[in-house]
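Here is the file input_1.cif (mmCIF, C-alpha atoms (C1' of nucleotides)).
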```cif
data_start
loop_
_atom_site.label_atom_id
_atom_site.label_comp_id
_atom_site.auth_asym_id
_atom_site.auth_seq_id
_atom_site.Cartn_x
_atom_site.Cartn_y
_atom_site.Cartn_z
CA MET D 10 -36.05 19.35 70.29
CA PRO D 11 -35.67 18.70 66.61
CA GLU D 12 -37.93 21.24 64.93
CA LEU D 13 -37.87 22.54 61.35
CA PRO D 14 -34.37 24.11 61.47
CA GLU D 15 -32.85 21.07 63.17
CA VAL D 16 -34.45 18.67 60.69
CA GLU D 17 -33.40 20.91 57.79
CA THR D 18 -29.80 20.84 59.04
CA ILE D 19 -29.81 17.06 59.28
CA VAL D 20 -31.45 16.59 55.88
CA SER D 21 -29.06 18.93 54.07
CA GLY D 22 -26.13 17.18 55.74
CA LEU D 23 -27.31 13.73 54.72
CA ASN D 24 -27.90 14.91 51.16
CA LYS D 25 -24.22 15.80 50.86
CA THR D 26 -22.96 12.42 51.98
CA CYS D 27 -25.12 9.36 51.64
CA LEU D 28 -27.29 9.69 48.52
CA CYS D 29 -27.22 6.77 46.10
CA ARG D 30 -24.95 4.64 48.26
CA LYS D 31 -25.99 1.05 48.40
CA ILE D 32 -27.31 0.00 51.79
CA LYS D 33 -25.25 -3.08 52.59
CA LYS D 34 -26.79 -4.00 55.91
CA VAL D 35 -29.70 -2.93 58.09
CA ARG D 36 -29.65 -3.57 61.81
CA VAL D 37 -32.70 -2.78 63.93
CA SER D 38 -32.48 -3.48 67.64
CA CYS D 39 -35.79 -1.86 68.57
CA PRO D 40 -38.44 -3.22 66.15
CA ALA D 41 -41.19 -1.06 67.70
CA LEU D 42 -39.61 2.06 66.13
CA ALA D 43 -40.41 0.80 62.64
CA SER D 44 -43.81 0.52 61.07
CA PRO D 45 -44.66 -1.92 59.79
CA ARG D 46 -42.51 -3.90 62.17
CA GLY D 47 -39.60 -5.46 60.32
CA GLY D 48 -40.31 -3.28 57.28
CA LEU D 49 -36.84 -1.75 57.28
CA SER D 50 -35.15 -5.01 56.31
CA ALA D 51 -36.42 -4.35 52.77
CA LEU D 52 -33.92 -1.48 52.55
CA ALA D 53 -31.01 -3.90 52.24
CA GLY D 54 -29.60 -3.66 48.70
CA ASP D 55 -31.56 -0.50 48.02
CA SER D 56 -30.28 3.09 48.21
CA PHE D 57 -31.62 6.54 49.09
CA VAL D 58 -32.10 8.71 46.00
CA SER D 59 -33.90 11.61 47.65
CA ILE D 60 -33.93 12.96 51.20
CA SER D 61 -36.15 15.93 51.92
CA ARG D 62 -38.30 17.39 54.64
CA HIS D 63 -41.84 18.53 55.32
CA GLY D 64 -42.10 20.37 58.62
CA LYS D 65 -40.36 18.08 61.09
CA TYR D 66 -40.89 14.97 58.95
CA ILE D 67 -37.98 13.53 56.97
CA LYS D 68 -39.06 12.08 53.61
CA ILE D 69 -36.86 9.51 51.91
CA THR D 70 -37.32 7.89 48.51
CA THR D 71 -35.28 4.88 47.44
CA ARG D 72 -34.05 3.70 44.06
CA ARG D 73 -36.57 0.84 44.14
CA GLY D 74 -39.36 3.31 44.80
CA ALA D 75 -39.94 2.71 48.49
CA ARG D 76 -40.92 5.77 50.52
CA LEU D 77 -39.91 6.28 54.10
CA VAL D 78 -41.01 8.85 56.67
CA VAL D 79 -38.69 9.37 59.63
CA HIS D 80 -39.71 11.49 62.59
CA LEU D 81 -37.22 12.27 65.36
CA ARG D 82 -39.90 13.38 67.84
CA MET D 83 -38.20 14.39 71.09
CA THR D 84 -34.79 12.80 71.31
CA GLY D 85 -34.10 11.21 67.94
CA GLN D 86 -30.64 11.60 66.43
CA LEU D 87 -29.71 10.67 62.87
CA PHE D 88 -26.03 10.92 62.05
CA LEU D 89 -23.10 9.43 60.19
CA ALA D 90 -19.98 8.45 62.09
CA GLU D 91 -16.76 6.51 61.75
CA ASN D 92 -15.30 4.45 64.58
CA TYR D 93 -18.39 5.10 66.66
CA GLN D 94 -19.23 2.76 69.52
CA PRO D 95 -23.03 2.54 69.71
CA ASP D 96 -24.51 2.70 73.20
CA LYS D 97 -27.81 1.20 74.33
CA HIS D 98 -29.75 4.07 72.79
CA VAL D 99 -28.72 3.31 69.20
CA HIS D 100 -31.61 1.40 67.67
CA ILE D 101 -30.97 1.40 63.93
CA ILE D 102 -27.69 1.10 62.02
CA LEU D 103 -27.36 1.29 58.24
CA GLU D 104 -24.10 0.21 56.65
CA LEU D 105 -23.45 1.99 53.35
CA ALA D 106 -21.23 0.89 50.49
CA ASN D 107 -17.93 2.65 49.79
CA MET D 108 -18.10 4.57 53.00
CA ALA D 109 -16.25 4.16 56.27
CA ALA D 110 -18.99 5.88 58.22
CA LYS D 111 -22.25 4.16 59.09
CA MET D 112 -25.62 5.79 59.59
CA TYR D 113 -26.91 5.65 63.14
CA TYR D 114 -30.34 6.31 64.59
CA ARG D 115 -30.10 7.01 68.31
CA ASP D 116 -33.14 7.85 70.41
CA ILE D 117 -33.07 7.92 74.20
CA ARG D 118 -36.83 8.02 74.70
CA LYS D 119 -37.72 5.91 71.65
CA PHE D 120 -40.53 8.26 70.63
CA GLY D 121 -39.22 8.52 67.07
CA ARG D 122 -40.69 6.59 64.14
CA TRP D 123 -39.44 5.08 60.86
CA GLN D 124 -42.49 4.44 58.75
CA ILE D 125 -42.77 2.83 55.36
CA VAL D 126 -45.42 4.62 53.30
CA PRO D 127 -47.87 2.11 51.79
CA PRO D 128 -47.41 1.84 47.97
CA ARG D 129 -50.80 3.35 47.11
CA LYS D 130 -50.34 6.42 49.30
CA ASN D 131 -48.24 9.50 48.69
CA PHE D 132 -46.27 11.41 51.30
CA ALA D 133 -48.92 14.12 51.69
CA ASP D 134 -51.67 11.61 52.46
CA TYR D 135 -49.50 9.88 54.96
CA ILE D 136 -48.12 12.90 56.80
CA ASN D 137 -50.89 14.61 58.72
CA ALA D 138 -49.52 18.13 58.43
CA GLY D 139 -50.29 21.53 56.93
CA THR D 140 -48.06 23.47 54.57
CA ASP D 141 -44.41 23.68 55.52
CA ALA D 142 -43.72 26.85 57.49
CA LEU D 143 -41.01 27.93 55.03
CA ALA D 144 -43.00 27.05 51.92
CA VAL D 145 -46.28 28.80 52.70
CA THR D 146 -47.22 31.69 50.41
CA PRO D 147 -48.30 35.06 51.84
CA ARG D 148 -51.73 34.54 50.31
CA GLU D 149 -52.18 31.12 51.89
CA PHE D 150 -50.84 32.40 55.19
CA ARG D 151 -53.38 35.23 55.24
CA ALA D 152 -56.14 32.67 54.71
CA LEU D 153 -54.85 30.57 57.61
CA CYS D 154 -54.78 33.65 59.84
CA ARG D 155 -58.40 34.39 58.94
CA ARG D 156 -59.51 30.81 59.48
CA TYR D 157 -57.82 30.48 62.86
CA ALA D 158 -58.29 34.11 63.89
CA ASP D 159 -59.33 33.34 67.47
CA LYS D 160 -56.51 30.99 68.32
CA ALA D 161 -53.72 32.09 70.62
CA LEU D 162 -50.52 32.80 68.70
CA LYS D 163 -48.64 29.91 70.27
CA VAL D 164 -51.48 27.42 69.76
CA PHE D 165 -51.60 28.50 66.10
CA LEU D 166 -47.85 28.11 65.65
CA LEU D 167 -47.63 24.72 67.37
CA ASP D 168 -50.51 23.11 65.47
CA GLN D 169 -48.78 21.01 62.79
CA THR D 170 -51.99 20.61 60.82
CA ILE D 171 -52.13 24.40 60.31
CA LEU D 172 -48.45 25.02 59.58
CA ALA D 173 -45.75 22.35 59.76
CA GLY D 174 -42.40 22.75 61.44
CA VAL D 175 -42.64 25.06 64.46
CA GLY D 176 -42.20 23.50 67.90
CA ASN D 177 -41.82 24.87 71.40
CA ILE D 178 -38.47 26.60 70.96
CA TYR D 179 -39.30 28.47 67.76
CA ALA D 180 -42.83 29.31 68.88
CA ASP D 181 -41.51 31.09 71.98
CA GLU D 182 -38.77 32.80 69.99
CA THR D 183 -41.26 33.93 67.33
CA ALA D 184 -43.51 35.55 69.94
CA PHE D 185 -40.45 37.31 71.35
CA TYR D 186 -39.42 38.47 67.86
CA LEU D 187 -42.88 40.00 67.46
CA GLY D 188 -42.73 41.56 70.90
CA VAL D 189 -46.09 40.09 71.83
CA ASP D 190 -47.45 37.73 74.48
CA PRO D 191 -47.93 34.24 72.99
CA HIS D 192 -51.53 34.27 74.31
CA THR D 193 -52.34 37.05 71.82
CA PRO D 194 -55.07 35.97 69.38
CA VAL D 195 -53.90 35.65 65.79
CA ASN D 196 -56.38 38.28 64.55
CA ARG D 197 -54.64 40.94 66.64
CA LEU D 198 -51.50 40.51 64.53
CA ALA D 199 -50.82 41.60 60.98
CA PRO D 200 -50.40 38.39 58.90
CA GLU D 201 -47.46 39.90 56.99
CA LYS D 202 -45.60 40.65 60.20
CA LEU D 203 -46.38 37.25 61.66
CA LEU D 204 -45.13 35.41 58.59
CA LYS D 205 -42.03 37.58 58.48
CA ALA D 206 -41.32 36.75 62.13
CA VAL D 207 -41.79 32.99 61.72
CA THR D 208 -39.61 32.99 58.61
CA ALA D 209 -36.88 35.10 60.17
CA VAL D 210 -36.65 33.00 63.33
CA LEU D 211 -36.63 29.68 61.45
CA ARG D 212 -34.01 30.93 58.98
CA LEU D 213 -31.81 32.17 61.80
CA GLY D 214 -32.11 28.71 63.35
CA ILE D 215 -31.05 27.06 60.09
CA LYS D 216 -28.17 29.50 59.64
CA ASN D 217 -26.92 28.43 63.06
CA LYS D 218 -27.43 24.71 62.38
CA GLY D 219 -30.22 24.34 64.90
CA ALA D 220 -30.48 24.53 68.67
CA SER D 221 -28.78 21.81 70.71
CA VAL D 222 -30.74 22.41 73.89
CA SER D 223 -31.11 18.74 74.77
CA ASP D 224 -30.21 15.85 72.50
CA TYR D 225 -30.18 17.37 69.04
CA ILE D 226 -27.02 16.97 66.99
CA THR D 227 -26.33 17.45 63.28
CA SER D 228 -25.83 14.66 60.75
CA THR D 229 -22.12 14.68 61.57
CA GLY D 230 -22.70 14.47 65.31
CA ALA D 231 -21.83 18.13 65.93
CA ARG D 232 -23.80 20.45 68.12
CA GLY D 233 -25.78 23.32 66.66
CA ASN D 234 -25.21 26.94 67.66
CA PHE D 235 -28.68 28.43 67.94
CA GLN D 236 -28.98 27.50 71.63
CA ASN D 237 -26.46 30.29 72.26
CA LEU D 238 -28.70 32.86 70.58
CA LEU D 239 -32.05 32.12 72.20
CA ASN D 240 -33.70 35.20 73.64
CA VAL D 241 -36.29 33.61 75.94
CA TYR D 242 -36.53 29.84 75.54
CA LYS D 243 -34.99 28.15 78.60
CA GLN D 244 -33.44 31.49 79.56
CA LYS D 245 -33.30 32.71 83.13
CA ASN D 246 -33.13 36.32 82.03
CA CYS D 247 -34.11 38.02 78.78
CA ARG D 248 -31.10 38.15 76.47
CA ARG D 249 -32.09 41.62 75.28
CA CYS D 250 -33.02 43.46 78.49
CA GLY D 251 -32.04 41.16 81.35
CA THR D 252 -35.51 41.01 82.86
CA PRO D 253 -36.27 37.64 84.55
CA ILE D 254 -38.16 35.37 82.17
CA ARG D 255 -41.68 34.37 83.18
CA ARG D 256 -42.56 30.67 82.73
CA VAL D 257 -46.19 29.70 82.16
CA LYS D 258 -48.09 26.74 80.71
CA LEU D 259 -49.68 27.38 77.32
CA ALA D 260 -50.96 24.74 74.92
CA GLY D 261 -49.66 22.18 77.42
CA ARG D 262 -46.08 23.40 77.03
CA THR D 263 -43.71 25.38 79.14
CA THR D 264 -43.78 28.86 77.66
CA HIS D 265 -41.14 31.53 78.13
CA ILE D 266 -42.06 35.21 78.08
CA CYS D 267 -40.10 38.38 78.72
CA PRO D 268 -42.61 40.57 80.59
CA LYS D 269 -40.83 43.72 79.45
CA CYS D 270 -40.21 42.95 75.77
CA GLN D 271 -43.52 41.14 75.15
CA LYS D 272 -46.79 42.95 75.84
"C1'" DA O 6 -66.26 19.37 64.83
"C1'" DT O 7 -63.15 20.87 67.97
"C1'" DT O 8 -60.49 20.65 72.04
"C1'" DC O 9 -58.52 18.35 75.69
"C1'" DT O 10 -55.94 14.44 78.04
"C1'" DC O 11 -53.15 10.66 78.03
"C1'" DA O 12 -49.74 7.26 76.41
"C1'" DC O 13 -45.41 6.56 74.60
"C1'" DC O 14 -40.14 6.50 77.07
"C1'" DT O 15 -35.85 7.66 79.86
"C1'" DG O 16 -32.61 11.03 81.74
"C1'" DT O 17 -32.32 15.09 84.54
"C1'" DT O 18 -33.72 18.12 88.03
"C1'" DA O 19 -36.33 19.65 92.07
"C1'" DG O 20 -37.79 18.79 96.50
"C1'" DC O 21 -38.11 16.40 100.79
"C1'" DT T 11 -26.74 12.23 100.87
"C1'" DG T 12 -30.32 9.49 98.93
"C1'" DC T 13 -34.57 8.77 97.48
"C1'" DT T 14 -38.92 9.91 94.87
"C1'" DA T 15 -41.76 12.75 92.05
"C1'" DA T 16 -42.11 15.97 88.62
"C1'" DC T 17 -40.63 17.49 84.36
"C1'" DA T 18 -38.87 17.78 79.60
"C1'" DG T 19 -42.43 18.27 74.68
"C1'" DG T 20 -43.90 15.79 69.58
"C1'" DT T 21 -47.48 13.16 67.95
"C1'" DG T 22 -51.54 10.19 67.60
"C1'" DA T 23 -55.36 8.02 69.70
"C1'" DG T 24 -59.26 8.34 72.23
"C1'" DA T 25 -62.40 10.92 75.23
"C1'" DA T 26 -65.13 14.89 76.33
#
```

Show this structure as structure tokens.
Amino acid sequence: MPELPEVETIVSGLNKTCLCRKIKKVRVSCPALASPRGGLSALAGDSFVSISRHGKYIKITTRRGARLVVHLRMTGQLFLAENYQPDKHVHIILELANMAAKMYYRDIRKFGRWQIVPPRKNFADYINAGTDALAVTPREFRALCRRYADKALKVFLLDQTILAGVGNIYADETAFYLGVDPHTPVNRLAPEKLLKAVTAVLRLGIKNKGASVSDYITSTGARGNFQNLLNVYKQKNCRRCGTPIRRVKLAGRTTHICPKCQK
DNA sequence: ATTCTCACCTGTTAGC
DNA sequence: TGCTAACAGGTGAGAA
């Protein structure tokens, strides 16, 4: 799924290619993806001047001052391609000036959202999320650990209002990195170690351009590499010790644990 | 207030 | 083999 490292990879890719290019044409074939409905037509003639990220949310600002929040949810893909034949899952196409490639939004399950932020609101008000997992300070992180001391590690990591960006893949991999069971309460872990683990796992994901475990692809349509380095997530056996991975439900998600490496 | 459940979708996999 | 049911997991809304 697109989590922080996947979204970071897409955002940094788009920043290299499509900033400040005039949007010649906007085609939306699934109006329900946009809010307000039909709001994306206002992008015609405008251009993106800033593309950034908060957690898994993509934040876009245009030359005319419009703000856009794009969320890929489960199966959203945002990429640039030349000579691409859109299939039935492509729902938004942006044609950019002086560029052979077009921008495509493809989303099999149509869970994703393109939202126009109302003029009076800022991004932070609009996005219901805590501090970005790679922007949190050690001091702030310690406070979060104290406040949510009783929560299970995985529940803590997955809650976007506490810390933004970690999803199922990186939560399981973080617990593995720490060598602990994801049911472990936060107050049983040293905040410094926990933050170091989250940071290390997310950065490794970014370094490898994200994990293409299902539909995720980069902004050029390429697959990531991190799926080849996962230790427990969707693994049959632990990559480190070969022990069969135990699958349990935690926080409503399939959770992968190596019974030998994680106590 | 906090925590849980469901709805949103469709492709893939498991099981009969 | 062919069909159906369960599953995949991010978010927001509504219920408990």

*asked:* As a check of understanding, name the residues that the PyMOL selection byres ((chain D) within 7 of (chain O)) selects in the supplied structure, as a list in words.
replied: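 Selected by the PyMOL selection byres ((chain D) within 7 of (chain O)) here: Ile117, Arg118, Lys119 and Phe120 of chain D.
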
Please dump the current selection as a CSV table (one decimal), in the frame of the given file; keep C-alpha atoms.
```
chain,number,residue,atom,x,y,z
D,117,ILE,CA,-33.1,7.9,74.2
D,118,ARG,CA,-36.8,8.0,74.7
D,119,LYS,CA,-37.7,5.9,71.6
D,120,PHE,CA,-40.5,8.3,70.6
```

*Written as a list in words, which residues does the PyMOL selection byres ((chain D) within 10 of (chain T)) give for the file shown?*
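Given this file, the PyMOL selection byres ((chain D) within 10 of (chain T)) evaluates to Met10, Pro11, Glu12, Lys65, His80, Leu81, Arg82, Met83, Thr84, Phe120, Gly121, Asn137, Leu167, Gln169, Gly176, Asn177, Ile178, Ser223, Gly261, Arg262 and Thr263 of chain D.
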
*Compile the contact shell of segment 122-124 of chain D as a list in words: residues with an atom at most 8 Å away, counting all atoms listed in the file, same-chain residues fewer than 3 positions apart removed.*
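In the requested format, the answer is Leu42, Ala43, Ser44, Pro45, Leu77, Val78, Val79, His80, Leu81 and Arg82 of chain D.
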
*Give me the result of the PyMOL selection byres ((chain D and resi 271) around 7) on this file, residue by residue, as JSON, numbers by chain.*
{"D": [185, 188, 189, 190, 266, 267, 268, 269, 270, 272]}

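Shortest separation to Leu166 of chain D among D:Val222, D:Val35, D:Ala260, D:Leu213 occurs at residue D:Ala260, atoms counted being only C-alpha atoms.
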
_Separation of atom CA of Ser38 of chain D from atom CA of Thr71 of chain D, in Å and rounded to one decimal_ =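 Going from atom CA of Ser38 of chain D over to atom CA of Thr71 of chain D, I get 22.0 Å.
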
*Atom-to-atom span, atom CA of Lys111 of chain D and atom CA of Ile69 of chain D, Å*: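 Atom CA of Ile69 of chain D lies 17.1 Å from atom CA of Lys111 of chain D.
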
*Nearest to Ala90 of chain D among D:Gly230, D:Gly74, D:Arg151, D:Lys218, with distances taken over all atoms listed in the file: which residue is it?*
D:Gly230

*Find the residues near Arg62 of chain D: any atom within 9 Å, counting only C-alpha atoms (C1' of nucleotides), skip ones fewer than 5 places away on the same chain, and give them as number ranges by chain.*
D: 13, 16-17, 20, 67-69, 141

*Between atom CA of Glu15 of chain D and atom CA of Ile171 of chain D, distance in Å (one decimal)*: 19.8 Å

_Contacts of Leu259 of chain D at 10 Å (all atoms listed in the file; same-chain gap of 5+ positions) as a PyMOL selection string_ = chain D and resi 161+163-164+191-192+264-265
